[in-house]
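Note sheet for the following structure.
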Amino acid sequence: MSPNDSRIDARDWSLLAVLSVLWGGSFVFNGAALRELPPLTLVFLRVALGAAILLPLLRMQRICWPRGMRGWTPFVAIGLLNNVIPFSLIVIGQTFIPSGLASILNATTPLFTVLVMAAAGEETLHIHRVAGVALGLVGVVILRGWGLETRPGQGVGILLFLGGALSYGFAALAARRLLKDSPPLGTATFQLMVSTMMMAIVAGVVEQPWRLAVPGVATWSAVLGLAALSTALAYIVFFQIVRRSGASNVMLVTLLIPVTAILLGRLVLGEPISAREIAGAIVIGSALLVIDGRALRLLRRSA
């Protein structure tokens with residue numbers, strides 16, 4: 001399927017569902033690890049361990065490394081926009097705002113992506129896509145609940161999350177223009193490698209992690225889960241969807257994350273599902289149908 005086609009086939013819908021589980025878990029892992037680790041150090045460990053996990057796979061697949069500065073430049077851009085900036089902003093923002101509001105703000109990512117891609121002339125700004133994304137955001141608000149909880153610095157946290165969502169939009173544009181011929185495993189590995197170098201400098205200057213106390217087993221387990229599942233594996237799936245269905249479509253995963261979080265809570269922890277959550281999930285499902293466009297075309301033909 002051409003990345004210019006706004007439709008998503010059944011395989012990529014299933015990959016989006018998998019990605020929503022992997023990235024949805026990152027909020028849980030972050031919350032657990034932040035109890036003992038400062039945010040920038042956590043981001044450094046996330047990208048460094050993610051890269052270390054993928055490097056043996058890269059060797060097994062015999063994927064060639066980039067050559068010279070010109071070869072590495074696209075991965076520097078992707079690493080900065082897709083990892084260093086959004087990971088840092090979001091993990092710091094998560095220390096200021098509750099999880100429900102975090103899910104809502106994270107779900108603005110596809111809206112920013114659609115606007116960035118249209119402004120850059122990469123994708124047509126279809127009304128049904130904008131309307132669908134807006135409807136999906138309403139569904140997330142219904143599902144998660146806006147809530148009345150306030151925390152000190154919550155305004156700062158909101159701005160940080162929105163900044164991270166915008167950075168993901170520019171990352172999608174950069175991936176579309178710079179890495180369309182790169183294999184997903186290579187793209188995931190190389191961007192994490194350059195992100196590791198950048199975060200080593202940032203975390204070293206700001207937080208000096210070598211001065212910290214050694215974290216406990218629970219924290220290391222959260223960090224490993226974050227690196228292996230929510231980073232290494234997730235980015236292989238992410239770049240596979242980018243190649244097949246386009247940059248805007250892959251960002252729809254942020255609308256699915258709250259739904260999968262509710263379902264996992266029900267299946268794993270036995271948590272009840274409220275009528276409000278069911279209503280929100282239905283609205284999100286309707287929004288995805290609108291974004292896909294095929295349901296609307298079928299309705300027009302039958303009318």
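Starting from 1 in every chain, residues are counted up; chains themselves are A, B, ... following the order of the structure tokens, and ligands are numbered from 1 as listed.
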Nearby residues (only C-alpha atoms) at most 12 Å from Thr95 in chain A, same-chain spacing under 6 positions excluded, as JSON, numbers by chain: {"A": [27, 30, 31, 32, 33, 34, 35, 37, 38, 39, 88, 89, 101, 102, 151, 152, 153, 154, 155, 156, 157, 158, 160, 161]}
Residues flagged alpha helix (DSSP H) by DSSP in range 56-117 of chain A, as a PyMOL selection string: chain A and resi 56-60+68-79+85-93+99-106+109-117
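Between Met193 in chain A and the residues A:Val223, A:Leu42, A:Val214, A:Ala51, the shortest atom-to-atom distance, using only C-alpha atoms, involves A:Ala51.
Taking CA of Val91 in chain A as the reference point, CA of Leu159 in chain A is found at 12.4 Å.
Here the question is which of A:Ala203, A:Ala234, A:Ala227, A:Leu267 gets nearest to Ala48 in chain A using only C-alpha atoms, and that residue is A:Ala227.
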Would you give me, as a Markdown table, each residue of range 86-193 of chain A having an atom within 9 Å of an atom of range 245-258 of chain A, along with its shortest atom pair and that distance in Å to one decimal, using only C-alpha atoms and sorting by chain and residue number?
| residue | atom | partner | partner_atom | distance |
| --- | --- | --- | --- | --- |
| A:Gly100 | CA | A:Pro258 | CA | 8.8 |
| A:Ser103 | CA | A:Pro258 | CA | 6.4 |
| A:Ile104 | CA | A:Pro258 | CA | 8.4 |
| A:Asn106 | CA | A:Thr254 | CA | 6.3 |
| A:Ala107 | CA | A:Thr254 | CA | 4.8 |
| A:Thr108 | CA | A:Thr254 | CA | 7.8 |
| A:Thr109 | CA | A:Met251 | CA | 6.4 |
| A:Pro110 | CA | A:Met251 | CA | 5.0 |
| A:Leu111 | CA | A:Met251 | CA | 8.7 |
| A:Thr113 | CA | A:Ser248 | CA | 5.8 |
| A:Val114 | CA | A:Ser248 | CA | 5.8 |
| A:Met117 | CA | A:Ser248 | CA | 7.5 |
| A:Glu123 | CA | A:Ser248 | CA | 8.5 |
| A:Val133 | CA | A:Leu252 | CA | 8.1 |
| A:Gly136 | CA | A:Leu255 | CA | 6.4 |
| A:Leu137 | CA | A:Leu255 | CA | 7.1 |
| A:Gly139 | CA | A:Leu255 | CA | 8.5 |
| A:Val140 | CA | A:Leu255 | CA | 6.9 |
| A:Leu143 | CA | A:Pro258 | CA | 7.6 |
| A:Arg144 | CA | A:Pro258 | CA | 7.3 |
| A:Tyr168 | CA | A:Met251 | CA | 8.3 |
| A:Gly169 | CA | A:Ser248 | CA | 8.2 |
| A:Ala171 | CA | A:Ala247 | CA | 8.9 |
| A:Ala172 | CA | A:Ala247 | CA | 5.1 |
| A:Leu173 | CA | A:Ala247 | CA | 7.0 |
| A:Ala175 | CA | A:Ala247 | CA | 7.5 |
| A:Arg176 | CA | A:Ala247 | CA | 6.4 |
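Residue nearest Gly24 in chain A, chosen from A:Val217, A:Leu229, A:Met69, A:Ala119 and counting only C-alpha atoms: A:Leu229.
Shortest separation to Met199 in chain A among A:Val84, A:Val28, A:Trp13, A:Arg46 occurs at residue A:Val84, atoms counted being only C-alpha atoms.
Proximity of A:Val141, A:Lys180, A:His126, A:Val242 to Glu277 in chain A, computed with only C-alpha atoms, is greatest for A:Val141.
You can rank A:Gly186, A:Val130, A:Ala228, A:Arg243 by their closest distance to Leu57 in chain A using only C-alpha atoms, and at the top of that list sits A:Gly186.
The space between CA of Leu288 in chain A and CA of Ile85 in chain A spans 27.6 Å.
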Nearby residues (only C-alpha atoms) at most 8 Å from Val283 in chain A, same-chain spacing under 3 positions excluded, as a ChimeraX atom specification: /A:135-136,138-139,279-280,286-287
Length of the CA of Thr189 in chain A to CA of Leu55 in chain A vector [Å]: 6.7 Å
Residues of range 176-238 of chain A at most 12 Å from range 76-81 of chain A: nearest atom pair and distance in Å, only C-alpha atoms, as JSON lines:
{"residue": "A:Arg176", "atom": "CA", "partner": "A:Ile78", "partner_atom": "CA", "distance": 10.3}
{"residue": "A:Arg177", "atom": "CA", "partner": "A:Ile78", "partner_atom": "CA", "distance": 10.7}
{"residue": "A:Leu178", "atom": "CA", "partner": "A:Ile78", "partner_atom": "CA", "distance": 8.8}
{"residue": "A:Leu179", "atom": "CA", "partner": "A:Ile78", "partner_atom": "CA", "distance": 9.0}
{"residue": "A:Thr187", "atom": "CA", "partner": "A:Ile78", "partner_atom": "CA", "distance": 9.0}
{"residue": "A:Ala188", "atom": "CA", "partner": "A:Gly79", "partner_atom": "CA", "distance": 9.2}
{"residue": "A:Thr189", "atom": "CA", "partner": "A:Gly79", "partner_atom": "CA", "distance": 10.0}
{"residue": "A:Phe190", "atom": "CA", "partner": "A:Gly79", "partner_atom": "CA", "distance": 8.3}
{"residue": "A:Gln191", "atom": "CA", "partner": "A:Gly79", "partner_atom": "CA", "distance": 4.6}
{"residue": "A:Leu192", "atom": "CA", "partner": "A:Gly79", "partner_atom": "CA", "distance": 6.3}
{"residue": "A:Met193", "atom": "CA", "partner": "A:Gly79", "partner_atom": "CA", "distance": 8.2}
{"residue": "A:Val194", "atom": "CA", "partner": "A:Val76", "partner_atom": "CA", "distance": 5.9}
{"residue": "A:Ser195", "atom": "CA", "partner": "A:Gly79", "partner_atom": "CA", "distance": 5.0}
{"residue": "A:Thr196", "atom": "CA", "partner": "A:Gly79", "partner_atom": "CA", "distance": 8.8}
{"residue": "A:Met197", "atom": "CA", "partner": "A:Gly79", "partner_atom": "CA", "distance": 9.9}
{"residue": "A:Met198", "atom": "CA", "partner": "A:Leu80", "partner_atom": "CA", "distance": 8.1}
{"residue": "A:Met199", "atom": "CA", "partner": "A:Leu80", "partner_atom": "CA", "distance": 9.5}
{"residue": "A:Val202", "atom": "CA", "partner": "A:Leu80", "partner_atom": "CA", "distance": 11.9}
{"residue": "A:Tyr235", "atom": "CA", "partner": "A:Gly79", "partner_atom": "CA", "distance": 11.6}
